[in-house]
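Trainee: If it helps, the file is called work-v5.txt and holds compact mmCIF, C-alpha atoms and all ligand atoms:
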# COMPACT_ATOMS: atom_id res chain seq x y z
CA MET Y 145 7.12 16.25 17.93
CA THR Y 146 5.46 12.82 17.68
CA THR Y 147 3.06 12.27 14.78
CA ILE Y 148 0.13 9.88 15.10
CA GLY Y 149 -1.31 8.51 11.87
CA ILE Y 150 -5.02 7.82 12.27
CA LEU Y 151 -6.84 5.63 9.76
CA GLY Y 152 -10.57 6.16 10.18
CA ALA Y 153 -12.13 9.52 10.92
CA GLY Y 154 -15.48 8.35 12.27
CA GLU Y 155 -16.62 8.25 15.90
CA VAL Y 156 -13.39 6.83 17.31
CA GLY Y 157 -10.78 8.20 14.91
CA SER Y 158 -12.02 11.78 15.25
CA GLN Y 159 -12.17 11.59 19.08
CA ILE Y 160 -8.67 10.12 19.29
CA ALA Y 161 -7.52 12.93 17.01
CA ARG Y 162 -9.09 15.53 19.36
CA ALA Y 163 -7.49 13.93 22.43
CA ALA Y 164 -4.11 13.62 20.68
CA VAL Y 165 -4.03 17.25 19.53
CA GLY Y 166 -5.00 18.27 23.07
CA CYS Y 167 -1.97 16.35 24.35
CA GLY Y 168 0.42 18.07 21.93
CA TYR Y 169 0.68 15.42 19.21
CA THR Y 170 0.70 16.09 15.49
CA VAL Y 171 -2.05 14.15 13.73
CA VAL Y 172 -2.38 12.94 10.13
CA ILE Y 173 -5.85 11.50 9.63
CA ALA Y 174 -7.52 9.57 6.79
CA ASN Y 175 -10.86 8.08 5.84
CA SER Y 176 -11.84 5.95 2.84
CA ARG Y 177 -13.14 8.82 0.68
CA GLY Y 178 -10.08 11.06 0.47
CA PRO Y 179 -8.49 13.93 2.41
CA GLU Y 180 -10.66 16.64 0.83
CA THR Y 181 -13.70 15.18 2.64
CA LEU Y 182 -12.01 15.84 6.02
CA ALA Y 183 -11.64 19.64 5.63
CA ASP Y 184 -14.11 20.47 8.42
CA LEU Y 185 -12.51 18.09 10.93
CA VAL Y 186 -9.00 19.32 10.10
CA ALA Y 187 -10.12 22.95 10.48
CA GLU Y 188 -11.58 22.09 13.89
CA LEU Y 189 -8.39 20.26 14.98
CA GLY Y 190 -6.18 23.19 14.02
CA PRO Y 191 -2.61 23.55 12.75
CA SER Y 192 -1.31 20.32 14.38
CA ALA Y 193 -3.55 18.24 12.09
CA ARG Y 194 -3.78 17.48 8.41
CA ALA Y 195 -5.64 14.95 6.28
CA ASP Y 196 -4.06 12.51 3.84
CA THR Y 197 -4.83 9.24 2.12
CA ALA Y 198 -4.78 6.10 4.28
CA ALA Y 199 -1.34 5.18 2.90
CA GLY Y 200 -0.12 8.75 3.48
CA ALA Y 201 -1.35 8.83 7.08
CA ALA Y 202 0.18 5.41 7.74
CA ALA Y 203 3.52 6.52 6.28
CA ALA Y 204 3.50 9.80 8.26
CA GLY Y 205 2.78 8.28 11.68
CA ASP Y 206 5.51 7.46 14.20
CA PHE Y 207 2.79 5.09 15.32
CA VAL Y 208 -0.65 4.55 13.84
CA VAL Y 209 -4.21 4.11 15.09
CA VAL Y 210 -6.49 1.94 12.95
CA ALA Y 211 -10.04 2.99 13.78
CA VAL Y 212 -11.58 1.01 10.93
CA PRO Y 213 -13.59 -2.23 11.21
CA LEU Y 214 -11.52 -5.30 10.22
CA ARG Y 215 -12.32 -6.86 6.87
CA LEU Y 216 -11.16 -10.28 5.68
CA ASP Y 217 -10.19 -8.72 2.33
CA ASN Y 218 -7.41 -6.71 3.97
CA ASN Y 219 -7.97 -3.03 3.13
CA MET Y 220 -5.08 -1.62 5.19
CA PRO Y 221 -1.87 -0.12 3.71
CA VAL Y 222 0.33 -3.03 4.82
CA ARG Y 223 3.59 -1.70 3.36
CA GLU Y 224 3.29 1.76 4.95
CA LEU Y 225 2.39 0.23 8.33
CA ALA Y 226 5.40 -2.12 8.31
CA GLY Y 227 7.81 -1.60 11.21
CA LYS Y 228 5.27 0.46 13.19
CA ILE Y 229 3.19 -0.01 16.30
CA VAL Y 230 -0.48 -0.14 15.22
CA LEU Y 231 -3.27 0.50 17.73
CA ASP Y 232 -6.37 -1.37 16.60
CA THR Y 233 -9.70 -0.06 17.96
CA ASN Y 234 -11.81 -2.66 16.15
CA ASN Y 235 -14.65 -4.48 17.86
CA TYR Y 236 -15.99 -7.70 16.35
CA MET Y 237 -19.56 -6.93 15.26
CA PRO Y 238 -20.84 -9.78 13.03
CA TRP Y 239 -24.11 -7.91 12.35
CA ARG Y 240 -21.99 -5.13 10.81
CA ASP Y 241 -18.93 -6.92 9.35
CA GLY Y 242 -20.17 -10.49 8.76
CA HIS Y 243 -19.12 -13.65 10.60
CA PHE Y 244 -15.47 -14.69 10.82
CA PRO Y 245 -15.59 -18.47 11.48
CA VAL Y 246 -12.15 -18.65 13.18
CA VAL Y 247 -13.28 -15.98 15.64
CA ASP Y 248 -16.70 -17.59 16.23
CA SER Y 249 -15.03 -20.95 16.96
CA GLY Y 250 -12.64 -19.37 19.46
CA GLU Y 251 -9.60 -20.38 17.38
CA MET Y 252 -8.38 -16.81 16.93
CA THR Y 253 -9.25 -13.37 18.19
CA VAL Y 254 -10.16 -10.64 15.76
CA HIS Y 255 -6.96 -8.83 16.79
CA GLU Y 256 -4.82 -11.86 15.96
CA LEU Y 257 -6.44 -11.66 12.52
CA ARG Y 258 -5.42 -7.97 12.29
CA GLN Y 259 -1.88 -8.98 13.34
CA GLU Y 260 -1.88 -11.67 10.65
CA GLN Y 261 -2.91 -9.04 8.08
CA LEU Y 262 -0.10 -6.71 9.27
CA PRO Y 263 2.76 -9.21 9.69
CA HIS Y 264 5.49 -6.56 9.84
CA SER Y 265 3.68 -4.30 12.34
CA LYS Y 266 3.23 -4.58 16.09
CA VAL Y 267 -0.53 -4.65 16.69
CA ALA Y 268 -2.06 -3.60 20.01
CA LYS Y 269 -5.76 -3.76 20.81
CA ALA Y 270 -6.61 -0.37 22.34
CA PHE Y 271 -9.52 2.02 22.99
CA THR Y 272 -12.10 -0.70 22.28
CA HIS Y 273 -14.27 -0.67 25.40
CA ILE Y 274 -14.96 3.01 25.81
CA GLN Y 275 -17.61 4.95 23.93
CA ALA Y 276 -15.78 7.46 21.75
CA PRO Y 277 -17.13 10.68 23.37
CA ARG Y 278 -15.94 9.46 26.78
CA LEU Y 279 -12.33 9.70 25.59
CA LEU Y 280 -12.70 13.38 26.37
CA THR Y 281 -15.38 13.44 29.07
CA SER Y 282 -14.05 10.61 31.30
CA ALA Y 283 -10.38 11.67 31.27
CA LYS Y 284 -8.79 12.44 34.66
CA PRO Y 285 -5.26 13.29 35.77
CA ALA Y 286 -3.01 10.50 37.03
CA GLY Y 287 -3.65 9.65 40.67
CA SER Y 288 -7.29 10.85 40.63
CA PRO Y 289 -9.54 8.67 42.77
CA ASP Y 290 -11.76 6.46 40.59
CA ARG Y 291 -9.74 7.10 37.44
CA HIS Y 292 -11.25 5.18 34.51
CA ALA Y 293 -9.10 2.29 33.24
CA LEU Y 294 -8.70 0.82 29.76
CA SER Y 295 -7.15 -2.47 28.65
CA VAL Y 296 -4.40 -3.12 26.14
CA SER Y 297 -3.47 -6.40 24.49
CA SER Y 298 -0.44 -7.06 22.32
CA ASP Y 299 2.22 -9.64 21.60
CA PHE Y 300 4.86 -6.88 21.85
CA PRO Y 301 5.91 -5.33 25.19
CA ASP Y 302 7.01 -2.07 23.51
CA ALA Y 303 3.51 -1.70 22.03
CA VAL Y 304 1.98 -2.25 25.49
CA ALA Y 305 4.34 0.37 26.94
CA LEU Y 306 3.42 2.90 24.24
CA VAL Y 307 -0.32 2.42 24.75
CA THR Y 308 0.11 2.65 28.54
CA ARG Y 309 1.89 6.01 28.14
CA LEU Y 310 -0.73 7.25 25.68
CA TYR Y 311 -3.63 6.22 27.93
CA ASP Y 312 -1.99 8.05 30.83
CA GLU Y 313 -1.52 11.20 28.75
CA PHE Y 314 -5.15 10.99 27.60
CA GLY Y 315 -6.31 10.61 31.22
CA PHE Y 316 -6.76 6.87 31.79
CA ASP Y 317 -5.19 4.03 33.78
CA THR Y 318 -4.16 0.78 32.05
CA VAL Y 319 -4.68 -2.92 32.62
CA ASP Y 320 -2.40 -5.12 30.50
CA ASN Y 321 -4.48 -7.95 29.01
CA SER Y 322 -1.78 -9.43 26.78
CA PRO Y 323 -1.13 -11.35 24.60
CA LEU Y 324 -3.47 -10.81 21.65
CA SER Y 325 -4.86 -14.33 22.13
CA GLU Y 326 -6.39 -13.05 25.40
CA SER Y 327 -7.94 -9.94 23.80
CA TRP Y 328 -11.38 -11.60 23.56
CA ARG Y 329 -11.71 -10.84 27.29
CA SER Y 330 -12.51 -7.19 26.54
CA GLY Y 331 -14.69 -7.93 23.49
CA PRO Y 332 -18.33 -6.96 22.89
CA GLY Y 333 -20.72 -8.45 25.45
CA GLN Y 334 -17.99 -9.25 27.99
CA PRO Y 335 -18.15 -7.65 31.49
CA ALA Y 336 -15.26 -5.25 30.73
CA TRP Y 337 -17.01 -4.04 27.57
CA LEU Y 338 -20.42 -3.72 29.23
CA ALA Y 339 -18.89 -1.59 32.01
CA HIS Y 340 -17.77 0.99 29.46
CA GLU Y 341 -19.31 3.88 31.37
CA HIS Y 342 -16.85 3.55 34.21
CA GLN Y 343 -14.42 1.03 35.73
CA THR Y 344 -11.34 1.51 37.83
CA ARG Y 345 -8.15 -0.48 37.27
CA GLU Y 346 -9.21 -3.00 39.95
CA GLN Y 347 -12.72 -3.35 38.51
CA LEU Y 348 -11.37 -3.78 34.98
CA ALA Y 349 -8.88 -6.45 36.07
CA SER Y 350 -11.72 -8.31 37.80
CA ASN Y 351 -14.03 -7.93 34.76
CA LEU Y 352 -11.31 -9.27 32.42
CA ALA Y 353 -10.76 -12.25 34.73
CA GLY Y 354 -14.52 -12.95 34.74
CA ALA Y 355 -14.93 -13.06 30.93
CA GLN Y 356 -16.42 -16.15 29.28
CA ARG Y 357 -14.78 -17.24 26.02
CA PRO Y 358 -17.19 -17.23 23.06
CA GLY Y 359 -17.24 -20.51 21.14
CA ARG Y 360 -15.86 -22.38 24.13
CA THR Y 361 -18.63 -21.92 26.66
N1 LIG E 1 -18.04 4.23 18.15
C1 LIG E 1 -17.48 3.89 19.32
O1 LIG E 1 -17.78 4.49 20.38
C2 LIG E 1 -16.43 2.79 19.37
C3 LIG E 1 -15.74 2.59 20.55
C4 LIG E 1 -14.71 1.65 20.60
C5 LIG E 1 -14.40 0.90 19.46
N2 LIG E 1 -15.11 1.06 18.31
C6 LIG E 1 -14.73 0.26 17.13
O2 LIG E 1 -13.75 1.02 16.38
C7 LIG E 1 -13.95 0.83 14.97
C8 LIG E 1 -14.32 2.17 14.34
O3 LIG E 1 -15.56 2.57 14.89
P1 LIG E 1 -16.26 3.96 14.56
O4 LIG E 1 -17.48 4.01 15.41
O5 LIG E 1 -15.27 5.05 14.60
O6 LIG E 1 -16.73 3.70 13.04
P2 LIG E 1 -17.27 4.78 12.02
O7 LIG E 1 -17.80 5.97 12.73
O8 LIG E 1 -18.15 4.02 11.08
O9 LIG E 1 -15.93 5.23 11.24
C9 LIG E 1 -15.20 4.33 10.45
C10 LIG E 1 -14.17 5.15 9.71
O10 LIG E 1 -13.32 4.26 8.99
C11 LIG E 1 -13.08 4.84 7.71
N3 LIG E 1 -12.60 3.82 6.79
C12 LIG E 1 -13.25 2.73 6.31
N4 LIG E 1 -12.43 2.01 5.50
C13 LIG E 1 -11.25 2.68 5.49
C14 LIG E 1 -10.01 2.46 4.85
N5 LIG E 1 -9.81 1.39 4.07
N6 LIG E 1 -9.00 3.35 5.05
C15 LIG E 1 -9.17 4.44 5.85
N7 LIG E 1 -10.33 4.70 6.49
C16 LIG E 1 -11.36 3.83 6.30
C17 LIG E 1 -14.41 5.45 7.34
O11 LIG E 1 -14.23 6.36 6.28
P3 LIG E 1 -15.47 6.75 5.31
O12 LIG E 1 -16.50 7.37 6.17
O13 LIG E 1 -14.85 7.68 4.32
O14 LIG E 1 -15.91 5.44 4.70
C18 LIG E 1 -14.75 6.13 8.66
O15 LIG E 1 -14.08 7.35 8.78
C19 LIG E 1 -15.07 -0.21 14.85
O16 LIG E 1 -14.51 -1.50 14.75
C20 LIG E 1 -15.84 -0.06 16.16
O17 LIG E 1 -16.54 -1.25 16.52
C21 LIG E 1 -16.11 2.00 18.24
Could you express the structure from this file as structure tokens?

Mentor:
Amino acid sequence: MTTIGILGAGEVGSQIARAAVGCGYTVVIANSRGPETLADLVAELGPSARADTAAGAAAAGDFVVVAVPLRLDNNMPVRELAGKIVLDTNNYMPWRDGHFPVVDSGEMTVHELRQEQLPHSKVAKAFTHIQAPRLLTSAKPAGSPDRHALSVSSDFPDAVALVTRLYDEFGFDTVDNSPLSESWRSGPGQPAWLAHEHQTREQLASNLAGAQRPGRT
């Protein structure tokens, strides 16, 4: 039985937990306020789920989803995430998180910053350009016409392979937009992000190719 650690139990973390339990995974989920505040969600998810601290969920996961906005004062359990594939759902939202000058200038992507903060993990950008409720409502079996596609970016081929398998199990096709330095192509405001309601693999590949780099345009 594979266990997914999920840090963040908001819009995205809770929907990924629902999809994961539906696909037969065990889930250990955390927020910032403590496991006792997640009793209702855990009851809804059923016996395959439990809540823990962020460090506990990171330690329990065979791989881990970080569904928490990135902060420059690294608030992730770096030691417990070491050696693991980490799926980062973060979108760069300066109005929410403040401006990160190296991202604004185009020097680094926000996911390269996450990788820098987790130097012993294998970070993959995943689940960033789909509205959380659509993780359940847009899912379709493999081979369905018009199946919705999602992008993945990572510097590690085994992380890309894991996300590709997970997307397929959840009901989505994949377009590989690696490495992390290319992950800006699916960022907020870009065509792939704006087409979050629906895009096939071909449409997503074309939208990624048509992105305009912020800070360099
Ligand atoms: N909403 C969407 O449809 C969507 C889609 C794709 C990507 N995203 C991106 O994914 C990220 C998460 O979005 P969201 O909408 O799920 O946000 P959200 O609803 O605000 O949830 C954020 C979660 O992170 C938790 N958290 C904060 N700091 C933490 C820490 N240090 N350790 C563990 N948990 C912590 C919060 O816990 P507390 O509540 O206890 O503070 C909360 O459960 C954002 O970067 C967002 O831009 C969102």

Trainee: For Y:Leu225, find every residue with an atom within 8 Å (counting only C-alpha atoms), except residues of its own chain fewer than 5 positions away, and show them as JSON, numbers by chain.

Mentor: {"Y": [202, 203, 208, 230, 262, 264, 265]}

Trainee: May I ask which of the residues Y:Asp217, Y:Glu260, Y:Asp290, Y:Glu155 is the closest one to Y:Gln343, counting all atoms listed in the file?

Mentor: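 Smallest separation from Y:Gln343 among the options: Y:Asp290.
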
Trainee: Ranking Y:His273, Y:Arg223, Y:Arg215, Y:His255 by minimum distance to Y:Trp337 and counting only C-alpha atoms, which one comes first?

Mentor: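 Nearest to Y:Trp337: Y:His273.
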
Trainee: Any residue with an atom at most 8 Å from ligand LIG 1 (chain E) counts, using all atoms listed in the file. Which are they? Put them as a PyMOL selection string.

Mentor: chain Y and resi 151-158+174-178+181+197-198+210-214+219-220+232-237+271-277

Trainee: Sorted by chain and rising residue number, which residues of stretch 196-258 of chain Y lie within 9 Å of stretch 344-360 of chain Y, and what are their closest atom pairs and distances in Å to one decimal, counting only C-alpha atoms, as JSON lines?

Mentor:
{"residue": "Y:Val247", "atom": "CA", "partner": "Y:Gly359", "partner_atom": "CA", "distance": 8.2}
{"residue": "Y:Asp248", "atom": "CA", "partner": "Y:Gly359", "partner_atom": "CA", "distance": 5.7}
{"residue": "Y:Ser249", "atom": "CA", "partner": "Y:Gly359", "partner_atom": "CA", "distance": 4.7}
{"residue": "Y:Gly250", "atom": "CA", "partner": "Y:Gly359", "partner_atom": "CA", "distance": 5.0}
{"residue": "Y:Glu251", "atom": "CA", "partner": "Y:Gly359", "partner_atom": "CA", "distance": 8.5}

Trainee: What gap, in Å, lies between atom CA of Y:His342 and atom CA of Y:His243?

Mentor: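 These two atoms are separated by 29.3 Å.
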
Trainee: Which residue gives the smallest distance to Y:Ala270 among Y:Thr146, Y:Ser288, Y:Ser325, Y:Thr318, with all atoms listed in the file counted?

Mentor: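 Closest residue, counting all atoms listed in the file: Y:Thr318.
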
Trainee: Which residues are near Y:Leu324? Cut-off 8 Å, all atoms listed in the file, ignore same chain within fewer than 4 positions. Put them as a list in words.

Mentor: Thr253, His255, Glu256, Ala268, Lys269, Ser297, Ser298 and Asp299 of chain Y

Trainee: Pick the closest to Y:Val246 from Y:Val267, Y:Ala187, Y:Leu216, Y:Met145: which is it, counting only C-alpha atoms?

Mentor: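 Of the candidates, the smallest distance to Y:Val246 is held by Y:Leu216.
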
Trainee: Measuring between all atoms listed in the file, which one of Y:Ala183, Y:Asp206, Y:Arg291, Y:Ala199 shows the shortest distance to Y:Leu306?

Mentor: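 So, comparing all the options, the nearest one is Y:Asp206.
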
Trainee: In Å to one decimal, how far is atom CA of Y:Ser295 from atom CA of Y:Thr308?

Mentor: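 One can read the atom CA of Y:Thr308 to atom CA of Y:Ser295 distance as 8.9 Å.
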